[in-house]
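Trainee: You'll find final-v7.txt just under this line, and it carries compact mmCIF, C-alpha atoms.
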# COMPACT_ATOMS: atom_id res chain seq x y z
CA MET A 11 112.83 113.95 78.36
CA ILE A 12 112.67 117.75 78.39
CA ILE A 13 113.00 119.18 81.90
CA SER A 14 113.10 122.93 82.41
CA SER A 15 115.48 122.82 85.37
CA LYS A 16 119.10 121.74 85.06
CA ILE A 17 119.22 120.95 88.78
CA LEU A 18 116.24 118.62 88.48
CA GLN A 19 117.62 117.15 85.26
CA ASP A 20 120.90 116.35 87.05
CA ALA A 21 119.03 114.77 89.95
CA VAL A 22 116.93 112.64 87.58
CA ASP A 23 120.07 111.56 85.72
CA GLY A 24 121.81 110.75 89.01
CA ILE A 25 118.90 108.70 90.34
CA SER A 26 118.41 106.84 87.06
CA ASN A 27 122.09 105.82 87.15
CA LEU A 28 121.13 103.52 90.01
CA PRO A 29 120.57 99.95 88.82
CA GLY A 30 116.97 99.09 87.96
CA ILE A 31 115.66 102.66 87.98
CA GLY A 32 114.54 104.27 84.72
CA LYS A 33 114.08 107.92 83.81
CA LYS A 34 110.35 108.04 84.60
CA THR A 35 110.78 106.46 88.04
CA ALA A 36 113.74 108.76 88.69
CA LEU A 37 111.62 111.78 87.85
CA ARG A 38 108.86 110.55 90.13
CA ILE A 39 111.37 110.10 92.97
CA ALA A 40 112.98 113.52 92.40
CA LEU A 41 109.59 115.27 92.40
CA HIS A 42 108.60 113.38 95.54
CA LEU A 43 111.71 114.77 97.23
CA LEU A 44 110.96 118.29 95.98
CA ASN A 45 107.40 117.95 97.16
CA GLY A 46 108.12 118.49 100.84
CA ASN A 47 110.43 115.53 101.35
CA MET A 48 113.75 117.32 100.98
CA GLU A 49 115.02 115.81 104.26
CA ILE A 50 114.95 112.31 102.73
CA GLY A 51 117.18 113.48 99.88
CA LYS A 52 119.57 115.32 102.17
CA ASN A 53 119.93 112.37 104.51
CA LEU A 54 120.45 110.04 101.57
CA ALA A 55 123.19 112.33 100.23
CA VAL A 56 124.99 112.06 103.58
CA ASN A 57 124.54 108.27 103.65
CA LEU A 58 125.82 107.86 100.10
CA THR A 59 128.88 109.97 100.80
CA ALA A 60 129.61 107.93 103.94
CA LEU A 61 129.69 104.74 101.84
CA GLU A 62 133.25 105.71 100.91
CA ASN A 63 134.37 104.83 104.42
CA ILE A 64 133.22 101.24 104.26
CA LYS A 65 135.99 98.69 104.57
CA PHE A 66 136.15 95.04 103.74
CA CYS A 67 137.06 92.58 106.51
CA LYS A 68 140.69 91.52 106.06
CA LYS A 69 139.80 87.96 106.98
CA CYS A 70 136.50 87.08 105.32
CA HIS A 71 136.00 90.03 102.88
CA ASN A 72 132.63 90.88 104.41
CA ILE A 73 131.78 94.59 104.51
CA SER A 74 132.77 96.18 107.76
CA ASP A 75 133.19 99.54 109.44
CA GLU A 76 136.50 98.31 110.94
CA ASP A 77 139.47 96.27 109.65
CA TYR A 78 137.76 93.08 110.79
CA CYS A 79 134.02 92.51 110.65
CA ASP A 80 131.68 91.94 113.61
CA ILE A 81 131.30 88.27 112.74
CA CYS A 82 135.04 87.52 112.58
CA THR A 83 135.70 89.38 115.86
CA SER A 84 132.68 87.93 117.68
CA LYS A 85 133.52 85.74 120.68
CA VAL A 86 130.45 83.54 120.35
CA ARG A 87 130.84 82.54 116.69
CA ASP A 88 132.46 79.21 115.82
CA LYS A 89 135.67 80.09 113.95
CA ASN A 90 136.13 76.50 112.84
CA THR A 91 133.04 76.34 110.68
CA ILE A 92 133.48 78.48 107.60
CA CYS A 93 130.61 79.19 105.26
CA VAL A 94 131.74 80.12 101.73
CA VAL A 95 129.40 82.51 99.91
CA GLU A 96 129.45 84.33 96.60
CA ASN A 97 128.75 87.81 97.91
CA ILE A 98 127.77 89.96 100.85
CA ARG A 99 124.05 89.76 100.07
CA ASP A 100 124.28 86.03 100.76
CA ILE A 101 125.76 86.68 104.22
CA ILE A 102 122.89 89.01 105.01
CA ALA A 103 120.37 86.43 103.78
CA ILE A 104 121.93 83.64 105.86
CA GLU A 105 122.28 85.84 108.96
CA ASN A 106 118.58 86.63 108.68
CA THR A 107 117.76 82.91 109.00
CA GLN A 108 119.57 82.82 112.39
CA GLN A 109 120.51 79.19 111.67
CA PHE A 110 124.28 79.58 111.35
CA ASN A 111 126.79 80.40 114.08
CA GLY A 112 130.07 79.98 112.22
CA VAL A 113 132.07 82.48 110.19
CA TYR A 114 132.01 83.36 106.50
CA HIS A 115 134.27 83.69 103.51
CA VAL A 116 133.10 85.95 100.67
CA LEU A 117 134.40 84.89 97.26
CA GLY A 118 133.26 88.08 95.58
CA GLY A 119 132.10 86.20 92.50
CA LEU A 120 132.03 82.76 90.89
CA ILE A 121 134.36 81.24 88.34
CA SER A 122 132.87 81.91 84.90
CA PRO A 123 134.96 81.37 81.78
CA LEU A 124 132.14 82.85 79.70
CA GLU A 125 132.26 86.13 81.60
CA GLY A 126 136.04 86.06 81.91
CA VAL A 127 136.08 85.46 85.67
CA SER A 128 139.06 83.26 86.49
CA PRO A 129 139.91 81.73 89.91
CA ASP A 130 142.48 84.50 90.43
CA ASP A 131 139.75 87.16 90.18
CA ILE A 132 137.89 85.96 93.26
CA ASN A 133 138.97 85.40 96.89
CA ILE A 134 139.99 81.74 96.58
CA GLN A 135 143.66 82.07 97.48
CA SER A 136 142.85 83.77 100.80
CA LEU A 137 140.34 80.98 101.55
CA VAL A 138 142.95 78.29 100.95
CA GLU A 139 145.39 80.13 103.23
CA ARG A 140 142.74 80.51 105.92
CA ILE A 141 142.08 76.77 105.85
CA GLU A 142 145.76 75.86 105.86
CA ASP A 143 146.31 78.16 108.87
CA ASN A 144 143.38 76.68 110.78
CA THR A 145 144.32 73.22 111.98
CA ASP A 146 141.10 72.95 114.02
CA LEU A 147 138.80 73.44 111.02
CA LYS A 148 135.66 71.36 111.47
CA GLU A 149 133.74 72.07 108.33
CA LEU A 150 133.63 74.14 105.18
CA ILE A 151 130.06 74.85 104.07
CA MET A 152 129.59 75.79 100.43
CA ALA A 153 126.54 78.09 100.41
CA ILE A 154 126.81 78.77 96.70
CA SER A 155 123.95 79.21 94.25
CA PRO A 156 123.25 75.94 92.39
CA THR A 157 124.25 77.16 88.94
CA ILE A 158 126.90 76.02 86.47
CA GLU A 159 129.26 78.71 87.74
CA GLY A 160 128.53 77.73 91.35
CA GLU A 161 129.24 74.04 90.72
CA THR A 162 132.45 74.91 88.86
CA THR A 163 133.64 77.10 91.71
CA ILE A 164 132.87 74.46 94.36
CA PHE A 165 134.67 71.81 92.31
CA TYR A 166 137.70 74.06 91.78
CA ILE A 167 137.98 74.96 95.48
CA SER A 168 137.51 71.37 96.65
CA ASN A 169 140.45 70.29 94.51
CA LEU A 170 142.75 72.83 96.16
CA LEU A 171 142.02 71.77 99.72
CA PRO A 172 143.69 69.02 101.78
CA GLU A 173 141.88 65.74 101.32
CA GLU A 174 140.79 65.52 104.96
CA THR A 175 138.85 68.81 104.79
CA LYS A 176 135.19 68.18 105.48
CA ILE A 177 133.29 70.00 102.77
CA SER A 178 129.50 70.24 102.78
CA MET A 179 126.96 71.98 100.59
CA ILE A 180 123.68 73.56 101.52
CA SER A 181 120.92 71.15 100.62
CA ARG A 182 118.95 71.56 97.45
CA GLY A 183 115.94 73.25 98.92
CA VAL A 184 117.01 76.17 96.83
CA SER A 185 115.63 75.92 93.33
CA PHE A 186 118.00 75.40 90.41
CA GLY A 187 119.11 78.59 88.73
CA GLY A 188 117.73 80.62 91.64
CA GLU A 189 119.54 83.38 93.47
CA LEU A 190 120.21 82.75 97.17
CA GLU A 191 119.19 86.21 98.28
CA TYR A 192 115.62 85.72 97.04
CA ALA A 193 115.00 82.40 98.78
CA ASP A 194 112.56 82.65 101.66
CA GLU A 195 114.06 82.44 105.14
CA LEU A 196 112.53 79.07 106.02
CA THR A 197 113.86 77.36 102.90
CA LEU A 198 117.27 78.93 103.23
CA GLY A 199 117.48 78.15 106.96
CA ARG A 200 116.44 74.52 106.40
CA SER A 201 118.93 74.13 103.60
CA ILE A 202 121.73 75.11 105.96
CA LEU A 203 120.52 72.73 108.71
CA THR A 204 120.17 69.81 106.28
CA ARG A 205 123.45 70.38 104.50
CA ILE A 206 125.03 67.23 103.11
CA PRO A 207 128.67 66.14 102.63
CA TYR A 208 130.13 67.18 99.29
CA GLY A 209 130.11 64.24 96.91
CA ASN A 210 126.81 62.80 98.17
CA ALA A 211 124.86 65.49 96.40
CA THR A 212 126.19 64.74 92.95
CA ALA A 213 125.96 60.96 93.59
CA LYS A 214 122.23 61.32 94.23
CA MET B 22 117.55 92.70 107.99
CA ILE B 23 120.86 92.13 109.79
CA ILE B 24 123.72 94.06 108.18
CA SER B 25 127.17 93.96 109.75
CA SER B 26 128.04 97.53 108.78
CA LYS B 27 126.29 100.56 110.24
CA ILE B 28 127.39 102.66 107.26
CA LEU B 29 125.80 100.23 104.84
CA GLN B 30 122.72 99.91 107.05
CA ASP B 31 122.29 103.69 106.98
CA ALA B 32 122.69 103.78 103.20
CA VAL B 33 120.11 100.99 102.76
CA ASP B 34 117.68 102.81 105.07
CA GLY B 35 118.26 106.05 103.18
CA ILE B 36 117.70 104.49 99.78
CA SER B 37 114.60 102.59 100.90
CA ASN B 38 113.09 105.87 102.10
CA LEU B 39 112.67 106.76 98.43
CA PRO B 40 109.14 106.03 97.17
CA GLY B 41 108.68 102.61 95.60
CA ILE B 42 111.99 101.16 96.75
CA GLY B 43 112.01 98.36 99.33
CA LYS B 44 114.79 97.10 101.60
CA LYS B 45 116.00 94.35 99.26
CA THR B 46 116.21 96.64 96.26
CA ALA B 47 117.91 99.26 98.42
CA LEU B 48 120.50 96.72 99.52
CA ARG B 49 121.11 95.69 95.92
CA ILE B 50 121.60 99.33 94.94
CA ALA B 51 123.93 100.04 97.87
CA LEU B 52 126.07 96.99 97.11
CA HIS B 53 126.14 97.93 93.43
CA LEU B 54 127.57 101.30 94.46
CA LEU B 55 130.11 99.64 96.76
CA ASN B 56 131.06 97.26 94.01
CA GLY B 57 133.18 99.68 92.03
CA ASN B 58 130.46 102.24 91.30
CA MET B 59 131.19 104.66 94.11
CA GLU B 60 131.25 107.57 91.65
CA ILE B 61 127.55 107.09 90.91
CA GLY B 62 126.76 107.39 94.59
CA LYS B 63 129.00 110.42 95.10
CA ASN B 64 127.53 112.23 92.10
CA LEU B 65 124.01 111.40 93.24
CA ALA B 66 124.80 112.81 96.70
CA VAL B 67 125.87 116.08 95.06
CA ASN B 68 122.76 116.12 92.86
CA LEU B 69 120.43 115.44 95.79
CA THR B 70 122.01 118.20 97.86
CA ALA B 71 121.66 120.61 94.93
CA LEU B 72 117.89 119.96 94.83
CA GLU B 73 117.61 122.41 97.73
CA ASN B 74 118.41 125.22 95.30
CA ILE B 75 115.49 124.53 93.01
CA LYS B 76 113.00 127.32 92.82
CA PHE B 77 109.46 127.46 91.57
CA CYS B 78 108.66 129.90 88.79
CA LYS B 79 106.94 132.95 90.29
CA LYS B 80 104.57 133.09 87.34
CA CYS B 81 103.56 129.53 86.47
CA HIS B 82 104.86 127.51 89.49
CA ASN B 83 106.91 125.26 87.22
CA ILE B 84 110.24 124.15 88.66
CA SER B 85 113.07 126.42 87.69
CA ASP B 86 116.70 127.24 88.44
CA GLU B 87 115.86 130.96 88.35
CA ASP B 88 112.97 133.11 89.62
CA TYR B 89 111.14 132.58 86.33
CA CYS B 90 111.24 129.35 84.33
CA ASP B 91 112.66 128.88 80.81
CA ILE B 92 109.20 128.59 79.34
CA CYS B 93 107.87 131.83 80.86
CA THR B 94 111.01 133.76 79.83
CA SER B 95 111.22 132.25 76.33
CA LYS B 96 110.79 134.73 73.50
CA VAL B 97 109.28 132.22 71.08
CA ARG B 98 106.49 130.92 73.31
CA ASP B 99 102.97 132.29 72.99
CA LYS B 100 102.24 134.00 76.32
CA ASN B 101 98.56 134.36 75.45
CA THR B 102 97.80 130.66 75.40
CA ILE B 103 97.95 129.21 78.90
CA CYS B 104 97.77 125.50 79.55
CA VAL B 105 96.59 124.61 83.06
CA VAL B 106 98.04 121.36 84.45
CA GLU B 107 97.90 119.52 87.75
CA ASN B 108 101.61 119.07 88.31
CA ILE B 109 105.11 119.40 86.88
CA ARG B 110 105.11 115.85 85.47
CA ASP B 111 102.27 116.92 83.19
CA ILE B 112 104.36 119.80 81.81
CA ILE B 113 107.18 117.39 81.03
CA ALA B 114 104.73 114.98 79.33
CA ILE B 115 103.22 117.76 77.21
CA GLU B 116 106.63 119.25 76.34
CA ASN B 117 107.73 115.81 75.15
CA THR B 118 104.89 115.80 72.60
CA GLN B 119 106.32 119.03 71.06
CA GLN B 120 102.76 120.00 70.09
CA PHE B 121 102.30 123.00 72.37
CA ASN B 122 103.98 126.38 72.10
CA GLY B 123 102.15 128.35 74.79
CA VAL B 124 102.89 128.73 78.49
CA TYR B 125 101.73 126.75 81.53
CA HIS B 126 100.12 127.16 84.90
CA VAL B 127 100.76 124.45 87.51
CA LEU B 128 97.91 124.03 90.00
CA GLY B 129 99.93 121.76 92.27
CA GLY B 130 96.93 119.53 92.93
CA LEU B 131 93.21 119.16 92.26
CA ILE B 132 90.26 120.15 94.41
CA SER B 133 89.28 117.10 96.44
CA PRO B 134 86.92 117.46 99.40
CA LEU B 135 87.51 113.79 100.25
CA GLU B 136 91.25 114.33 100.65
CA GLY B 137 90.79 117.73 102.24
CA VAL B 138 92.20 119.71 99.31
CA SER B 139 90.30 123.00 99.03
CA PRO B 140 90.62 125.62 96.25
CA ASP B 141 92.85 127.69 98.57
CA ASP B 142 95.39 124.86 98.78
CA ILE B 143 96.23 124.96 95.08
CA ASN B 144 97.44 127.74 92.76
CA ILE B 145 94.04 128.98 91.58
CA GLN B 146 94.23 132.54 92.90
CA SER B 147 97.47 133.23 91.01
CA LEU B 148 95.89 131.83 87.82
CA VAL B 149 92.91 134.16 88.12
CA GLU B 150 95.25 137.13 88.66
CA ARG B 151 97.36 136.10 85.66
CA ILE B 152 94.29 136.03 83.45
CA GLU B 153 92.96 139.33 84.76
CA ASP B 154 96.36 140.94 84.08
CA ASN B 155 96.54 139.57 80.54
CA THR B 156 94.09 141.46 78.34
CA ASP B 157 95.41 139.69 75.23
CA LEU B 158 94.64 136.19 76.44
CA LYS B 159 93.60 134.00 73.54
CA GLU B 160 92.87 130.66 75.16
CA LEU B 161 93.03 128.76 78.42
CA ILE B 162 93.58 125.04 77.86
CA MET B 163 92.58 122.73 80.70
CA ALA B 164 94.96 119.75 80.44
CA ILE B 165 93.54 118.11 83.53
CA SER B 166 92.95 114.39 84.11
CA PRO B 167 89.33 113.39 83.38
CA THR B 168 88.51 112.40 86.97
CA ILE B 169 85.92 113.63 89.44
CA GLU B 170 88.54 115.86 91.04
CA GLY B 171 89.67 117.10 87.63
CA GLU B 172 86.12 117.96 86.52
CA THR B 173 85.43 119.70 89.83
CA THR B 174 88.59 121.79 89.53
CA ILE B 175 87.84 122.80 85.93
CA PHE B 176 84.27 123.75 86.88
CA TYR B 177 85.44 125.78 89.88
CA ILE B 178 88.07 127.69 87.86
CA SER B 179 85.73 128.37 84.93
CA ASN B 180 83.25 130.02 87.31
CA LEU B 181 85.91 132.45 88.57
CA LEU B 182 86.95 133.70 85.15
CA PRO B 183 85.46 136.53 83.06
CA GLU B 184 82.71 135.23 80.80
CA GLU B 185 84.60 136.08 77.61
CA THR B 186 87.56 133.85 78.50
CA LYS B 187 87.92 131.11 75.90
CA ILE B 188 88.36 127.87 77.83
CA SER B 189 89.11 124.60 76.11
CA MET B 190 89.81 121.07 77.33
CA ILE B 191 92.17 118.47 75.89
CA SER B 192 90.09 116.03 73.87
CA ARG B 193 89.08 112.77 75.45
CA GLY B 194 88.58 109.55 73.58
CA VAL B 195 90.18 106.28 72.66
CA SER B 196 93.96 106.37 72.58
CA PHE B 197 95.96 106.05 69.37
CA GLY B 198 96.83 102.44 68.67
CA GLY B 199 94.26 101.30 71.23
CA GLU B 200 91.75 98.54 70.51
CA LEU B 201 88.14 99.76 70.62
CA GLU B 202 86.93 96.63 72.35
CA TYR B 203 89.24 97.29 75.32
CA ALA B 204 88.27 100.95 75.80
CA ASP B 205 86.07 101.47 78.86
CA GLU B 206 82.38 102.16 78.21
CA LEU B 207 82.43 105.72 79.51
CA THR B 208 85.35 106.73 77.29
CA LEU B 209 83.96 104.98 74.22
CA GLY B 210 80.48 106.41 74.78
CA ARG B 211 81.82 109.93 75.22
CA SER B 212 84.05 109.61 72.16
CA ILE B 213 81.01 108.76 70.04
CA LEU B 214 79.00 111.66 71.43
CA THR B 215 81.86 114.12 70.92
CA ARG B 216 82.77 112.81 67.46
CA ILE B 217 84.49 115.21 65.07
CA PRO B 218 84.17 115.60 61.27
CA TYR B 219 86.59 113.38 59.36
CA GLY B 220 89.70 115.35 58.43
CA ASN B 221 89.64 117.70 61.43
CA ALA B 222 91.51 115.25 63.66
CA THR B 223 94.59 115.02 61.49
CA ALA B 224 94.45 118.71 60.56
CA LYS B 225 95.07 119.43 64.30
Can the structure from this file be put into structure tokens for me?
Mentor:
Amino acid sequence: MIISSKILQDAVDGISNLPGIGKKTALRIALHLLNGNMEIGKNLAVNLTALENIKFCKKCHNISDEDYCDICTSKVRDKNTICVVENIRDIIAIENTQQFNGVYHVLGGLISPLEGVSPDDINIQSLVERIEDNTDLKELIMAISPTIEGETTIFYISNLLPEETKISMISRGVSFGGELEYADELTLGRSILTRIPYGNATAK
Amino acid sequence: MIISSKILQDAVDGISNLPGIGKKTALRIALHLLNGNMEIGKNLAVNLTALENIKFCKKCHNISDEDYCDICTSKVRDKNTICVVENIRDIIAIENTQQFNGVYHVLGGLISPLEGVSPDDINIQSLVERIEDNTDLKELIMAISPTIEGETTIFYISNLLPEETKISMISRGVSFGGELEYADELTLGRSILTRIPYGNATAK
């Protein structure tokens, strides 16, 4: 694409580096900004720069502006019900359902031998420590996408935990091979409410 | 959407202010940046801030890093063939064809009484002055979309120009590689009426 301005060319390149945005869309966005919407671009530049200051909660690995996230430091959340999720998007999706009042643990990925993701690459060790430290733990909810990698990860984690740990999985309202974040709120909320003990699901 | 970090929330809001990007896509982009791609975000912030410095060519209203754009200052371009376009995207599209070696004039819109765009709102006056100043003008090419607004704008401009000005329009017809049966009736009908002798099409 031949663009007569280096500044615009750089902006188009920068925008099209974002995932899912091609050159033509990037050009359209850049020209929209130039066309009397410069404030949007300037504000976005400030917001993007501020992203550097984001921290990850030292307990659950959720994103946070402080050392510990709002959910872990909340006084009304049930610290003895831990919901294990793959990533931060899943926390946001579950929070939006307003059906869960416990705390989270973000794995940051799923075990995938094909993609070279081993158990050591994701936050499993810190989860095991959290559970060992918490003698009052009531329940561990696996809110993991129902994929091969998800099943493998759940199986691996369950084998590391003390036998008396109550492990449950979100019910299969979520379609197979689907991504949690795209499930509608009703389905996702129901699937948390109707979670079933681990073991029952595979026996079905 | 409930996000536990104000910094992330701001970034998502900023990204979703861009045209055609919703909240979910914005969140995906922001988390992609957080997930080890912070450089992309930082570079984009620099690029977006630099957009402020973009100028518009004082002659043709194309975007430019200087007072006059590369095309207007080029020594190899034919200054006596002016191609009139609606916006900067059209220049980029035409430049990509590498079939035009003249200069441009960007109107910045089309006359549209319905949308309240009058001839004074677009760069018509400067085009008329350019043509009056250029006694060697060979041709004025109207590369304007074949819409009601486009036709109106072409008609309005042609009435302002000296009678001897040679005005041409980009040809209209069925697109290369297109199936005749899927062309709309107006286009197909026009392309039959404005048929050209065999041989002329490929000879340019």
Trainee: Pick out the residues sitting within 8 Å of A:Ile132, and hand them over as a PyMOL selection string; count all atoms listed in the file, and ignore anything fewer than 2 positions along from it in its own chain.
Mentor: chain A and resi 117-121+127-130+134
Trainee: I'd like the neighbourhood of B:Leu52 as a VMD selection string, where a residue qualifies if any of its atoms comes within 10 Å (using only C-alpha atoms), though same-chain residues fewer than 3 positions away should be ignored.
Mentor: (chain A and resid 61 73 97 to 99) or (chain B and resid 29 32 to 33 46 to 49 55 to 59)
Trainee: Taking (98.6, 134.1, 78.0) as a centre in this file's frame and 10 Å as the limit, can you find every polymer residue with an atom that close, using only C-alpha atoms, and give them as a list of chain:residue names?
Mentor: B:Cys93, B:Arg98, B:Asp99, B:Lys100, B:Asn101, B:Thr102, B:Ile103, B:Cys104, B:Gly123, B:Val124, B:Tyr125, B:His126, B:Arg151, B:Ile152, B:Asp154, B:Asn155, B:Thr156, B:Asp157, B:Leu158, B:Lys159, B:Glu160, B:Leu161
Trainee: Dump C-alpha atoms for the selected residues as a PDB file, in the coordinates of the input?
Mentor:
ATOM      1  CA  CYS B  93     107.870 131.830  80.860  1.00  0.00           C
ATOM      2  CA  ARG B  98     106.490 130.920  73.310  1.00  0.00           C
ATOM      3  CA  ASP B  99     102.970 132.290  72.990  1.00  0.00           C
ATOM      4  CA  LYS B 100     102.240 134.000  76.320  1.00  0.00           C
ATOM      5  CA  ASN B 101      98.560 134.360  75.450  1.00  0.00           C
ATOM      6  CA  THR B 102      97.800 130.660  75.400  1.00  0.00           C
ATOM      7  CA  ILE B 103      97.950 129.210  78.900  1.00  0.00           C
ATOM      8  CA  CYS B 104      97.770 125.500  79.550  1.00  0.00           C
ATOM      9  CA  GLY B 123     102.150 128.350  74.790  1.00  0.00           C
ATOM     10  CA  VAL B 124     102.890 128.730  78.490  1.00  0.00           C
ATOM     11  CA  TYR B 125     101.730 126.750  81.530  1.00  0.00           C
ATOM     12  CA  HIS B 126     100.120 127.160  84.900  1.00  0.00           C
ATOM     13  CA  ARG B 151      97.360 136.100  85.660  1.00  0.00           C
ATOM     14  CA  ILE B 152      94.290 136.030  83.450  1.00  0.00           C
ATOM     15  CA  ASP B 154      96.360 140.940  84.080  1.00  0.00           C
ATOM     16  CA  ASN B 155      96.540 139.570  80.540  1.00  0.00           C
ATOM     17  CA  THR B 156      94.090 141.460  78.340  1.00  0.00           C
ATOM     18  CA  ASP B 157      95.410 139.690  75.230  1.00  0.00           C
ATOM     19  CA  LEU B 158      94.640 136.190  76.440  1.00  0.00           C
ATOM     20  CA  LYS B 159      93.600 134.000  73.540  1.00  0.00           C
ATOM     21  CA  GLU B 160      92.870 130.660  75.160  1.00  0.00           C
ATOM     22  CA  LEU B 161      93.030 128.760  78.420  1.00  0.00           C
TER      23      LEU B 161
END
Trainee: May I ask you to extract the residues of chain A within 9 Å of chain B, using only C-alpha atoms, and to give them as an NGL selection string?
Mentor: :A and (11-18 or 20-25 or 27-30 or 35 or 37-44 or 48 or 50-64 or 72-76 or 79-81 or 98-99 or 101-103 or 105-106 or 191-192)
Trainee: Please produce a file of those selected residues containing C-alpha atoms, as a PDB file, in the coordinates of the input.
Mentor:
ATOM      1  CA  MET A  11     112.830 113.950  78.360  1.00  0.00           C
ATOM      2  CA  ILE A  12     112.670 117.750  78.390  1.00  0.00           C
ATOM      3  CA  ILE A  13     113.000 119.180  81.900  1.00  0.00           C
ATOM      4  CA  SER A  14     113.100 122.930  82.410  1.00  0.00           C
ATOM      5  CA  SER A  15     115.480 122.820  85.370  1.00  0.00           C
ATOM      6  CA  LYS A  16     119.100 121.740  85.060  1.00  0.00           C
ATOM      7  CA  ILE A  17     119.220 120.950  88.780  1.00  0.00           C
ATOM      8  CA  LEU A  18     116.240 118.620  88.480  1.00  0.00           C
ATOM      9  CA  ASP A  20     120.900 116.350  87.050  1.00  0.00           C
ATOM     10  CA  ALA A  21     119.030 114.770  89.950  1.00  0.00           C
ATOM     11  CA  VAL A  22     116.930 112.640  87.580  1.00  0.00           C
ATOM     12  CA  ASP A  23     120.070 111.560  85.720  1.00  0.00           C
ATOM     13  CA  GLY A  24     121.810 110.750  89.010  1.00  0.00           C
ATOM     14  CA  ILE A  25     118.900 108.700  90.340  1.00  0.00           C
ATOM     15  CA  ASN A  27     122.090 105.820  87.150  1.00  0.00           C
ATOM     16  CA  LEU A  28     121.130 103.520  90.010  1.00  0.00           C
ATOM     17  CA  PRO A  29     120.570  99.950  88.820  1.00  0.00           C
ATOM     18  CA  GLY A  30     116.970  99.090  87.960  1.00  0.00           C
ATOM     19  CA  THR A  35     110.780 106.460  88.040  1.00  0.00           C
ATOM     20  CA  LEU A  37     111.620 111.780  87.850  1.00  0.00           C
ATOM     21  CA  ARG A  38     108.860 110.550  90.130  1.00  0.00           C
ATOM     22  CA  ILE A  39     111.370 110.100  92.970  1.00  0.00           C
ATOM     23  CA  ALA A  40     112.980 113.520  92.400  1.00  0.00           C
ATOM     24  CA  LEU A  41     109.590 115.270  92.400  1.00  0.00           C
ATOM     25  CA  HIS A  42     108.600 113.380  95.540  1.00  0.00           C
ATOM     26  CA  LEU A  43     111.710 114.770  97.230  1.00  0.00           C
ATOM     27  CA  LEU A  44     110.960 118.290  95.980  1.00  0.00           C
ATOM     28  CA  MET A  48     113.750 117.320 100.980  1.00  0.00           C
ATOM     29  CA  ILE A  50     114.950 112.310 102.730  1.00  0.00           C
ATOM     30  CA  GLY A  51     117.180 113.480  99.880  1.00  0.00           C
ATOM     31  CA  LYS A  52     119.570 115.320 102.170  1.00  0.00           C
ATOM     32  CA  ASN A  53     119.930 112.370 104.510  1.00  0.00           C
ATOM     33  CA  LEU A  54     120.450 110.040 101.570  1.00  0.00           C
ATOM     34  CA  ALA A  55     123.190 112.330 100.230  1.00  0.00           C
ATOM     35  CA  VAL A  56     124.990 112.060 103.580  1.00  0.00           C
ATOM     36  CA  ASN A  57     124.540 108.270 103.650  1.00  0.00           C
ATOM     37  CA  LEU A  58     125.820 107.860 100.100  1.00  0.00           C
ATOM     38  CA  THR A  59     128.880 109.970 100.800  1.00  0.00           C
ATOM     39  CA  ALA A  60     129.610 107.930 103.940  1.00  0.00           C
ATOM     40  CA  LEU A  61     129.690 104.740 101.840  1.00  0.00           C
ATOM     41  CA  GLU A  62     133.250 105.710 100.910  1.00  0.00           C
ATOM     42  CA  ASN A  63     134.370 104.830 104.420  1.00  0.00           C
ATOM     43  CA  ILE A  64     133.220 101.240 104.260  1.00  0.00           C
ATOM     44  CA  ASN A  72     132.630  90.880 104.410  1.00  0.00           C
ATOM     45  CA  ILE A  73     131.780  94.590 104.510  1.00  0.00           C
ATOM     46  CA  SER A  74     132.770  96.180 107.760  1.00  0.00           C
ATOM     47  CA  ASP A  75     133.190  99.540 109.440  1.00  0.00           C
ATOM     48  CA  GLU A  76     136.500  98.310 110.940  1.00  0.00           C
ATOM     49  CA  CYS A  79     134.020  92.510 110.650  1.00  0.00           C
ATOM     50  CA  ASP A  80     131.680  91.940 113.610  1.00  0.00           C
ATOM     51  CA  ILE A  81     131.300  88.270 112.740  1.00  0.00           C
ATOM     52  CA  ILE A  98     127.770  89.960 100.850  1.00  0.00           C
ATOM     53  CA  ARG A  99     124.050  89.760 100.070  1.00  0.00           C
ATOM     54  CA  ILE A 101     125.760  86.680 104.220  1.00  0.00           C
ATOM     55  CA  ILE A 102     122.890  89.010 105.010  1.00  0.00           C
ATOM     56  CA  ALA A 103     120.370  86.430 103.780  1.00  0.00           C
ATOM     57  CA  GLU A 105     122.280  85.840 108.960  1.00  0.00           C
ATOM     58  CA  ASN A 106     118.580  86.630 108.680  1.00  0.00           C
ATOM     59  CA  GLU A 191     119.190  86.210  98.280  1.00  0.00           C
ATOM     60  CA  TYR A 192     115.620  85.720  97.040  1.00  0.00           C
TER      61      TYR A 192
END
Trainee: So how far away is atom CA of B:Ile165 from atom CA of B:Asp111, in Å?
Mentor: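 Rounded to one decimal, the two atoms are 8.8 Å apart.
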Trainee: Quick check, in Å to one decimal: how far apart do atom CA of B:Ser166 and atom CA of B:Asn122 lie?
Mentor: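 Going from atom CA of B:Ser166 over to atom CA of B:Asn122, I get 20.2 Å.
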Trainee: In the coordinates of the file, take the point (89.6, 114.2, 88.3) and a cut-off of 12 Å; then, counting only C-alpha atoms, name each qualifying protein, DNA or RNA residue as a PyMOL selection string.
Mentor: chain B and resi 106-107+130-134+163-176
Trainee: Using all atoms listed in the file, can you tell me which of A:Leu190, A:Val116, A:Leu203, A:Ile151 comes closest to A:Ser178?
Mentor: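 Of A:Leu190, A:Val116, A:Leu203, A:Ile151, the one nearest A:Ser178, counting all atoms listed in the file, is A:Ile151.
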Trainee: Rank nothing, just name the residue among A:Asp194, A:His71, A:Ile167, A:Arg205 nearest to A:Met179, using all atoms listed in the file.
Mentor: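 Smallest distance to A:Met179 is found for A:Arg205.
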